[in-house]
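my_file31.txt, holding compact mmCIF, C-alpha atoms:
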```txt
# COMPACT_ATOMS: atom_id res chain seq x y z
CA MET X 34 -86.10 75.41 -103.15
CA GLY X 35 -89.32 73.74 -104.23
CA TRP X 36 -87.39 70.48 -104.50
CA LEU X 37 -86.93 70.24 -100.74
CA ASP X 38 -89.43 68.59 -98.42
CA GLY X 39 -90.75 70.01 -95.14
CA GLN X 40 -87.91 68.67 -92.98
CA GLU X 41 -85.30 70.01 -95.36
CA GLN X 42 -87.04 73.39 -95.51
CA ALA X 43 -87.00 73.52 -91.71
CA ARG X 44 -83.31 72.62 -91.63
CA ARG X 45 -82.68 75.23 -94.30
CA GLN X 46 -84.27 77.88 -92.11
CA ARG X 47 -81.99 76.98 -89.19
CA PHE X 48 -78.85 78.02 -91.07
CA ALA X 49 -77.61 81.22 -89.52
CA TYR X 50 -76.07 82.68 -92.66
CA ASP X 51 -77.13 83.00 -96.29
CA GLY X 52 -74.03 81.39 -97.82
CA PRO X 53 -74.24 78.06 -95.97
CA ARG X 54 -78.02 78.03 -96.42
CA ARG X 55 -77.62 78.45 -100.17
CA ARG X 56 -74.98 75.73 -100.36
CA PHE X 57 -77.12 73.31 -98.38
CA THR X 58 -80.08 74.01 -100.67
CA LEU X 59 -78.09 73.54 -103.87
CA CYS X 60 -76.37 70.36 -102.70
CA ARG X 61 -79.61 68.83 -101.41
CA ALA X 62 -81.37 69.64 -104.69
CA ALA X 63 -78.48 68.10 -106.63
CA LEU X 64 -78.58 65.02 -104.39
CA ARG X 65 -82.32 64.65 -104.96
CA ALA X 66 -81.88 64.93 -108.73
CA ILE X 67 -79.15 62.26 -108.70
CA LEU X 68 -81.00 59.86 -106.41
CA CYS X 69 -84.29 60.21 -108.31
CA GLU X 70 -82.45 59.18 -111.45
CA GLU X 71 -80.61 56.31 -109.73
CA LEU X 72 -83.69 55.02 -107.91
CA HIS X 73 -86.17 55.68 -110.73
CA CYS X 74 -88.50 57.58 -108.44
CA GLN X 75 -90.22 60.93 -108.28
CA ASN X 76 -88.83 63.69 -106.08
CA GLU X 77 -92.00 63.68 -103.98
CA GLN X 78 -91.43 59.98 -103.19
CA LEU X 79 -87.94 60.61 -101.83
CA ALA X 80 -87.27 61.44 -98.18
CA PHE X 81 -84.26 61.42 -95.88
CA ARG X 82 -83.73 60.33 -92.32
CA ALA X 83 -80.56 60.39 -90.23
CA SER X 84 -78.83 57.82 -88.05
CA ARG X 85 -78.18 58.69 -84.41
CA PHE X 86 -74.78 59.98 -85.49
CA GLY X 87 -76.39 62.18 -88.13
CA LYS X 88 -75.55 60.20 -91.25
CA PRO X 89 -78.47 60.54 -93.70
CA TYR X 90 -80.12 57.65 -95.53
CA ALA X 91 -82.81 57.68 -98.19
CA LEU X 92 -86.37 56.45 -98.16
CA VAL X 93 -88.54 55.92 -101.23
CA GLN X 94 -92.23 55.82 -100.44
CA ASP X 95 -91.27 55.40 -96.76
CA GLN X 96 -89.11 52.31 -97.46
CA PRO X 97 -85.31 52.34 -97.05
CA ALA X 98 -83.73 52.72 -100.49
CA SER X 99 -80.90 50.45 -101.57
CA VAL X 100 -78.45 53.20 -102.28
CA SER X 101 -75.47 54.61 -100.49
CA PHE X 102 -74.72 58.29 -100.83
CA ASN X 103 -72.87 61.12 -99.21
CA VAL X 104 -72.59 64.88 -99.70
CA SER X 105 -70.03 67.50 -98.79
CA HIS X 106 -69.70 71.18 -99.58
CA SER X 107 -67.14 73.86 -98.91
CA GLY X 108 -67.15 77.39 -100.22
CA ASN X 109 -68.27 77.37 -103.84
CA HIS X 110 -67.81 73.64 -104.30
CA GLY X 111 -70.05 70.68 -103.60
CA LEU X 112 -69.44 66.95 -103.93
CA VAL X 113 -72.10 64.26 -104.21
CA ALA X 114 -71.35 60.55 -104.53
CA CYS X 115 -73.65 57.56 -104.66
CA ALA X 116 -73.25 53.81 -105.11
CA PRO X 117 -75.65 50.88 -105.13
CA THR X 118 -73.96 49.14 -102.19
CA GLY X 119 -71.31 49.70 -99.56
CA ARG X 120 -70.86 52.49 -97.08
CA LEU X 121 -69.70 55.66 -98.78
CA GLY X 122 -68.23 58.94 -97.59
CA VAL X 123 -66.98 62.09 -99.26
CA ASP X 124 -65.32 65.27 -98.14
CA ILE X 125 -64.37 68.47 -99.88
CA GLU X 126 -62.47 71.38 -98.38
CA GLU X 127 -61.50 74.59 -100.12
CA ARG X 128 -57.82 75.20 -99.60
CA ASP X 129 -57.22 77.99 -97.11
CA PRO X 130 -53.51 78.88 -96.90
CA ARG X 131 -54.15 81.00 -93.76
CA ARG X 132 -55.33 78.03 -91.76
CA ASP X 133 -53.32 77.24 -88.62
CA LEU X 134 -52.64 73.53 -88.87
CA SER X 135 -50.91 73.26 -85.50
CA LEU X 136 -54.19 72.67 -83.65
CA LEU X 137 -55.24 69.92 -86.03
CA ILE X 138 -52.14 67.85 -86.74
CA ASP X 139 -52.01 65.89 -83.47
CA THR X 140 -55.77 65.32 -83.57
CA VAL X 141 -55.83 63.93 -87.08
CA LEU X 142 -52.47 62.49 -88.14
CA GLY X 143 -50.68 59.33 -87.08
CA PRO X 144 -46.88 59.22 -86.46
CA GLU X 145 -45.92 58.25 -90.03
CA GLU X 146 -48.22 60.87 -91.52
CA LYS X 147 -46.75 63.52 -89.23
CA THR X 148 -43.27 62.50 -90.34
CA ALA X 149 -44.29 62.83 -93.99
CA LEU X 150 -45.84 66.23 -93.30
CA ALA X 151 -42.71 67.41 -91.51
CA LEU X 152 -40.72 66.76 -94.71
CA THR X 153 -42.85 69.31 -96.61
CA GLN X 154 -43.22 73.04 -96.27
CA GLY X 155 -45.23 75.96 -97.60
CA GLN X 156 -48.04 75.16 -100.01
CA ALA X 157 -46.98 71.52 -100.32
CA ARG X 158 -47.45 71.10 -96.57
CA THR X 159 -50.92 72.62 -96.64
CA HIS X 160 -51.89 70.51 -99.65
CA LEU X 161 -50.68 67.30 -98.01
CA PHE X 162 -52.51 68.06 -94.77
CA PHE X 163 -55.75 68.83 -96.63
CA LYS X 164 -55.36 65.63 -98.65
CA LEU X 165 -54.94 63.54 -95.50
CA TRP X 166 -57.80 65.35 -93.78
CA THR X 167 -60.26 64.79 -96.61
CA LEU X 168 -59.25 61.14 -97.02
CA LYS X 169 -59.75 60.52 -93.30
CA GLU X 170 -62.98 62.46 -93.07
CA ALA X 171 -64.33 60.56 -96.08
CA VAL X 172 -63.63 57.30 -94.21
CA LEU X 173 -65.20 58.68 -91.02
CA LYS X 174 -68.29 59.82 -92.93
CA ALA X 175 -68.53 56.44 -94.62
CA LEU X 176 -68.49 54.84 -91.17
CA GLY X 177 -71.16 57.31 -90.13
CA GLU X 178 -69.82 57.88 -86.64
CA GLY X 179 -68.25 61.32 -87.02
CA PHE X 180 -65.09 61.92 -85.04
CA VAL X 181 -66.05 59.35 -82.40
CA LEU X 182 -63.35 57.21 -84.00
CA ASP X 183 -59.84 58.45 -83.42
CA ALA X 184 -58.77 59.86 -86.80
CA THR X 185 -55.14 59.13 -85.99
CA CYS X 186 -56.02 55.41 -86.15
CA ILE X 187 -56.95 55.74 -89.83
CA ARG X 188 -53.62 54.97 -91.43
CA ILE X 189 -53.47 56.34 -94.95
CA PRO X 190 -51.22 54.03 -97.05
CA ALA X 191 -47.71 55.39 -97.48
CA ALA X 192 -47.99 55.38 -101.28
CA THR X 193 -51.14 57.52 -101.08
CA VAL X 194 -49.45 59.90 -98.65
CA GLY X 195 -46.56 60.02 -101.11
CA GLY X 196 -48.69 61.05 -104.09
CA ARG X 197 -50.71 58.12 -105.36
CA GLU X 198 -54.34 59.13 -105.88
CA SER X 199 -55.99 55.97 -104.61
CA GLY X 200 -55.37 53.24 -102.10
CA MET X 201 -56.99 50.71 -99.84
CA LEU X 202 -56.96 50.51 -96.07
CA GLN X 203 -58.42 48.67 -93.12
CA LEU X 204 -59.24 50.01 -89.68
CA PRO X 205 -57.94 48.25 -86.54
CA ARG X 206 -61.44 48.03 -85.06
CA LEU X 207 -62.96 46.72 -88.33
CA PRO X 208 -60.27 44.49 -89.85
CA GLU X 209 -62.79 42.53 -91.93
CA VAL X 210 -63.74 45.61 -93.97
CA THR X 211 -61.58 47.07 -96.72
CA TRP X 212 -62.04 50.69 -97.72
CA GLN X 213 -61.04 52.12 -101.07
CA ILE X 214 -59.98 55.73 -100.82
CA GLU X 215 -59.38 58.17 -103.65
CA ASP X 216 -57.98 61.66 -103.67
CA LEU X 217 -60.11 63.90 -105.93
CA GLY X 218 -58.42 67.19 -105.13
CA ASN X 219 -57.08 69.88 -107.45
CA GLN X 220 -55.46 73.29 -106.99
CA GLU X 221 -58.68 74.90 -105.70
CA PHE X 222 -59.89 72.28 -103.29
CA ALA X 223 -59.02 69.06 -101.54
CA ALA X 224 -61.57 66.29 -101.93
CA ALA X 225 -61.78 62.57 -101.33
CA VAL X 226 -64.13 59.63 -101.51
CA ALA X 227 -64.07 56.43 -99.44
CA ILE X 228 -66.16 53.37 -100.19
CA GLU X 229 -66.51 50.07 -98.43
CA LEU X 230 -65.41 47.10 -100.50
CA SER X 231 -66.51 43.54 -99.91
CA GLY X 232 -64.27 40.51 -100.26
CA VAL X 233 -61.17 42.46 -101.18
CA SER X 234 -57.84 42.20 -99.43
CA ALA X 235 -55.99 45.41 -98.69
CA ARG X 236 -52.85 45.94 -100.72
CA LYS X 237 -49.64 46.29 -98.77
CA ASP X 238 -47.90 49.59 -99.55
CA MET N 272 -64.55 86.68 -63.93
CA ALA N 273 -66.40 86.36 -67.25
CA SER N 274 -69.14 83.75 -67.46
CA THR N 275 -68.65 80.57 -69.46
CA GLU N 276 -71.08 81.93 -72.05
CA ASP N 277 -69.12 85.19 -72.39
CA ARG N 278 -65.85 83.26 -72.77
CA ILE N 279 -67.33 80.96 -75.41
CA ARG N 280 -68.84 83.88 -77.32
CA GLN N 281 -65.44 85.56 -77.30
CA LEU N 282 -63.72 82.38 -78.52
CA VAL N 283 -66.31 82.12 -81.31
CA ALA N 284 -65.72 85.71 -82.37
CA ASP N 285 -61.93 85.28 -82.27
CA ASN N 286 -61.63 81.87 -83.92
CA LEU N 287 -64.55 81.06 -86.20
CA GLU N 288 -65.53 82.49 -89.50
CA VAL N 289 -67.96 81.73 -92.30
CA ASP N 290 -67.22 82.74 -95.86
CA GLY N 291 -64.21 84.71 -94.67
CA LYS N 292 -66.17 86.76 -92.12
CA PRO N 293 -65.93 86.30 -88.34
CA LEU N 294 -68.84 84.44 -86.85
CA SER N 295 -70.98 86.88 -84.89
CA SER N 296 -70.55 86.78 -81.12
CA SER N 297 -74.35 87.25 -80.94
CA LEU N 298 -74.87 83.88 -82.63
CA ASP N 299 -77.91 81.91 -81.43
CA LEU N 300 -76.33 79.38 -79.06
CA SER N 301 -78.91 76.69 -79.86
CA VAL N 302 -77.73 76.51 -83.49
CA SER N 303 -75.08 73.88 -84.21
CA LEU N 304 -71.81 75.16 -85.57
CA THR N 305 -72.43 73.10 -88.69
CA GLU N 306 -75.76 74.86 -89.22
CA ALA N 307 -73.99 78.14 -88.69
CA GLY N 308 -71.85 77.14 -91.69
CA VAL N 309 -68.64 76.32 -89.84
CA SER N 310 -66.52 73.67 -91.56
CA SER N 311 -65.71 70.39 -89.84
CA MET N 312 -62.05 71.38 -89.85
CA ASP N 313 -62.88 74.56 -87.96
CA VAL N 314 -65.12 72.66 -85.54
CA VAL N 315 -62.25 70.32 -84.62
CA ALA N 316 -59.82 73.23 -84.28
CA PHE N 317 -62.36 75.14 -82.16
CA THR N 318 -62.70 72.13 -79.87
CA LYS N 319 -58.95 72.27 -79.28
CA VAL N 320 -59.11 76.02 -78.57
CA VAL N 321 -61.91 75.50 -76.05
CA ALA N 322 -59.99 72.66 -74.42
CA GLN N 323 -56.95 74.91 -74.05
CA GLU N 324 -58.99 77.83 -72.71
CA PHE N 325 -60.81 75.72 -70.12
CA LYS N 326 -57.85 73.42 -69.44
CA LEU N 327 -59.64 70.16 -70.09
CA GLU N 328 -59.80 67.35 -72.65
CA PHE N 329 -62.92 66.23 -74.50
CA SER N 330 -63.27 62.48 -74.69
CA ARG N 331 -64.52 60.92 -77.92
CA GLU N 332 -67.58 59.75 -76.04
CA GLN N 333 -68.42 63.30 -74.95
CA CYS N 334 -68.08 65.00 -78.34
CA PRO N 335 -71.22 63.51 -79.98
CA THR N 336 -73.35 64.55 -77.00
CA ILE N 337 -72.49 68.21 -77.50
CA ASN N 338 -74.54 69.41 -80.45
CA ASN N 339 -74.42 73.17 -80.08
CA LEU N 340 -72.78 75.96 -78.13
CA GLN N 341 -75.46 75.95 -75.43
CA GLU N 342 -74.76 72.28 -74.72
CA LEU N 343 -71.03 73.04 -74.74
CA ILE N 344 -71.53 75.78 -72.13
CA GLU N 345 -73.62 73.45 -69.98
CA PHE N 346 -70.94 70.76 -70.27
CA LEU N 347 -68.18 73.20 -69.29
CA ASP N 348 -70.19 74.48 -66.33
CA SER N 349 -70.82 70.90 -65.19
CA GLN N 350 -67.08 70.18 -65.31
CA ALA N 351 -66.35 73.28 -63.23
CA ALA N 352 -69.00 72.47 -60.62
```
Have the structure of the file written as structure tokens, please.
Amino acid sequence: MGWLDGQEQARRQRFAYDGPRRRFTLCRAALRAILCEELHCQNEQLAFRASRFGKPYALVQDQPASVSFNVSHSGNHGLVACAPTGRLGVDIEERDPRRDLSLLIDTVLGPEEKTALALTQGQARTHLFFKLWTLKEAVLKALGEGFVLDATCIRIPAATVGGRESGMLQLPRLPEVTWQIEDLGNQEFAAAVAIELSGVSARKD
Amino acid sequence: MASTEDRIRQLVADNLEVDGKPLSSSLDLSVSLTEAGVSSMDVVAFTKVVAQEFKLEFSREQCPTINNLQELIEFLDSQAA
């Protein structure tokens, strides 16, 4: 806990329950350790601010740091990613077989993704939905605008929907930017990373 | 008829959980659901439940302006006015 600064301590106190508070603390401490190593700075020199949509960025000695990072946690798992350039987003979700997907499918999936999901059932259906969710949320977090963007407009490449772990995509409103997405999930959790690429053409799947 | 706050508290108790336990209906309304430990997936699903209960749709422009349950209640009351 001593790793966190005053703002982080205050945010830590606002968590209503011990579990989420503990996960926030552990992930923020891990993030600080990683960024201090990447940026060659001391923990006391590192601070965080957030964009108006809540996406955090790092400061070193009050100057914006040239690093892109993102954090996600779910249950007992946390995911931290960082890169020297490019917008970056990650998401991790513990698989919950009890979850009612019916409320989420129309909000998140496009027509082709819904068709692919309809061809699955049982655990495979849940796994595919979680995969698509984490891939899309990773892109949304990389954009840093939350769910302001319609998630159904993020079209996961058919090959990635079909099982390939990685892929590239472009968004209709940002056709000049290519995003690389990668599925990092396993049996316990779904997880994904999305990173902005420069000067790369999206592959047609 | 139950107040908007009572209806939201009931929807919270019926639909949201943290670490496998139902979220308390006595939750501080000024705390964001994220800070209460609710996953983003549950937040999106809860938004749909609220929309169904109050028979309205949230626009993508409205969602970022609602940061906690108190602001949600104020928004719902403003729509009903």
Please identify all residues of chain X having at least one atom at most 7 Å from any atom of chain N, considering all atoms listed in the file, and return them as a ChimeraX atom specification. /X:47-50,53,108,136-137,181
Quick one: residues within 9 Å of Ser105 in chain X, only C-alpha atoms, excluding same-chain residues fewer than 6 positions away - as a PyMOL selection string? chain X and resi 60+111-113+122-126
Take the selection from the previous step and output its residues with C-alpha atoms, as a CSV table (one decimal), keeping the file's coordinate frame.
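result32.csv, freshly written:
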```
chain,number,residue,atom,x,y,z
X,60,CYS,CA,-76.4,70.4,-102.7
X,111,GLY,CA,-70.0,70.7,-103.6
X,112,LEU,CA,-69.4,67.0,-103.9
X,113,VAL,CA,-72.1,64.3,-104.2
X,122,GLY,CA,-68.2,58.9,-97.6
X,123,VAL,CA,-67.0,62.1,-99.3
X,124,ASP,CA,-65.3,65.3,-98.1
X,125,ILE,CA,-64.4,68.5,-99.9
X,126,GLU,CA,-62.5,71.4,-98.4
```
May I have the protein, DNA and RNA residues with any atom at most 9 Å from the point (-67.1, 54.8, -98.3), counting all atoms listed in the file, written as a PDB file with C-alpha atoms, in the coordinates of the input?
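Contents of result_7.pdb, as written:
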```
ATOM      1  CA  SER X 101     -75.470  54.610-100.490  1.00  0.00           C
ATOM      2  CA  PHE X 102     -74.720  58.290-100.830  1.00  0.00           C
ATOM      3  CA  ASN X 103     -72.870  61.120 -99.210  1.00  0.00           C
ATOM      4  CA  GLY X 119     -71.310  49.700 -99.560  1.00  0.00           C
ATOM      5  CA  ARG X 120     -70.860  52.490 -97.080  1.00  0.00           C
ATOM      6  CA  LEU X 121     -69.700  55.660 -98.780  1.00  0.00           C
ATOM      7  CA  GLY X 122     -68.230  58.940 -97.590  1.00  0.00           C
ATOM      8  CA  VAL X 123     -66.980  62.090 -99.260  1.00  0.00           C
ATOM      9  CA  ALA X 171     -64.330  60.560 -96.080  1.00  0.00           C
ATOM     10  CA  VAL X 172     -63.630  57.300 -94.210  1.00  0.00           C
ATOM     11  CA  LEU X 173     -65.200  58.680 -91.020  1.00  0.00           C
ATOM     12  CA  LYS X 174     -68.290  59.820 -92.930  1.00  0.00           C
ATOM     13  CA  ALA X 175     -68.530  56.440 -94.620  1.00  0.00           C
ATOM     14  CA  LEU X 176     -68.490  54.840 -91.170  1.00  0.00           C
ATOM     15  CA  TRP X 212     -62.040  50.690 -97.720  1.00  0.00           C
ATOM     16  CA  GLN X 213     -61.040  52.120-101.070  1.00  0.00           C
ATOM     17  CA  ILE X 214     -59.980  55.730-100.820  1.00  0.00           C
ATOM     18  CA  VAL X 226     -64.130  59.630-101.510  1.00  0.00           C
ATOM     19  CA  ALA X 227     -64.070  56.430 -99.440  1.00  0.00           C
ATOM     20  CA  ILE X 228     -66.160  53.370-100.190  1.00  0.00           C
ATOM     21  CA  GLU X 229     -66.510  50.070 -98.430  1.00  0.00           C
ATOM     22  CA  LEU X 230     -65.410  47.100-100.500  1.00  0.00           C
TER      23      LEU X 230
END
```
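The coordinates place CA of Lys169 in chain X at 15.9 Å from CA of Lys88 in chain X.
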Which residues are near Ile138 in chain X? Cut-off 12 Å, all atoms listed in the file, ignore same chain within fewer than 3 positions. Put them as a PDB file with C-alpha atoms, in the coordinates of the input.
```
ATOM      1  CA  ARG X 132     -55.330  78.030 -91.760  1.00  0.00           C
ATOM      2  CA  ASP X 133     -53.320  77.240 -88.620  1.00  0.00           C
ATOM      3  CA  LEU X 134     -52.640  73.530 -88.870  1.00  0.00           C
ATOM      4  CA  SER X 135     -50.910  73.260 -85.500  1.00  0.00           C
ATOM      5  CA  VAL X 141     -55.830  63.930 -87.080  1.00  0.00           C
ATOM      6  CA  LEU X 142     -52.470  62.490 -88.140  1.00  0.00           C
ATOM      7  CA  GLY X 143     -50.680  59.330 -87.080  1.00  0.00           C
ATOM      8  CA  PRO X 144     -46.880  59.220 -86.460  1.00  0.00           C
ATOM      9  CA  GLU X 145     -45.920  58.250 -90.030  1.00  0.00           C
ATOM     10  CA  GLU X 146     -48.220  60.870 -91.520  1.00  0.00           C
ATOM     11  CA  LYS X 147     -46.750  63.520 -89.230  1.00  0.00           C
ATOM     12  CA  THR X 148     -43.270  62.500 -90.340  1.00  0.00           C
ATOM     13  CA  ALA X 149     -44.290  62.830 -93.990  1.00  0.00           C
ATOM     14  CA  LEU X 150     -45.840  66.230 -93.300  1.00  0.00           C
ATOM     15  CA  ALA X 151     -42.710  67.410 -91.510  1.00  0.00           C
ATOM     16  CA  ARG X 158     -47.450  71.100 -96.570  1.00  0.00           C
ATOM     17  CA  THR X 159     -50.920  72.620 -96.640  1.00  0.00           C
ATOM     18  CA  LEU X 161     -50.680  67.300 -98.010  1.00  0.00           C
ATOM     19  CA  PHE X 162     -52.510  68.060 -94.770  1.00  0.00           C
ATOM     20  CA  PHE X 163     -55.750  68.830 -96.630  1.00  0.00           C
ATOM     21  CA  LEU X 165     -54.940  63.540 -95.500  1.00  0.00           C
ATOM     22  CA  TRP X 166     -57.800  65.350 -93.780  1.00  0.00           C
ATOM     23  CA  ALA X 184     -58.770  59.860 -86.800  1.00  0.00           C
ATOM     24  CA  THR X 185     -55.140  59.130 -85.990  1.00  0.00           C
TER      25      THR X 185
ATOM     26  CA  MET N 312     -62.050  71.380 -89.850  1.00  0.00           C
ATOM     27  CA  VAL N 315     -62.250  70.320 -84.620  1.00  0.00           C
ATOM     28  CA  ALA N 316     -59.820  73.230 -84.280  1.00  0.00           C
ATOM     29  CA  LYS N 319     -58.950  72.270 -79.280  1.00  0.00           C
TER      30      LYS N 319
END
```
Can you tell me how far CA of Pro97 in chain X sits from CA of Glu178 in chain X, in Å to one decimal? 19.5 Å
Ser296 in chain N: which residues within 8 Å, counting only C-alpha atoms, same-chain residues fewer than 4 positions away excluded, as a VMD selection string? chain N and resid 280 to 281 283 to 284
Pairwise distance for CA of Lys164 in chain X and CA of Ala114 in chain X, rounded to one decimal in Å: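 Separating CA of Lys164 in chain X from CA of Ala114 in chain X is a distance of 17.8 Å.
Among the candidates N:Leu327, N:Leu300, N:Ala322, N:Met272, the one nearest to Glu345 in chain N when counting all atoms listed in the file is N:Leu300.
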Near-Leu68 in chain X list (12 Å; only C-alpha atoms; drop same-chain fewer than 4 positions) as an MDAnalysis selection string: chainID X and resid 61:64 72:81 90:93 98:104 113:117
Kindly provide, as a ChimeraX atom specification, the polymer residues lying within 8 Å of (-50.9, 76.6, -96.7), counting all atoms listed in the file and using the coordinates exactly as they appear in the file. /X:128-132,155-160
Can you tell me which residues surround Pro205 in chain X at a distance of at most 10 Å, considering all atoms listed in the file, apart from same-chain residues fewer than 4 positions away, and format the answer as a PyMOL selection string? chain X and resi 186-188+209-210
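Proximity to Ser199 in chain X was assessed for X:Ala225, X:Asn109, X:Leu152, X:Asp183 counting all atoms listed in the file; the smallest distance is recorded for X:Ala225.
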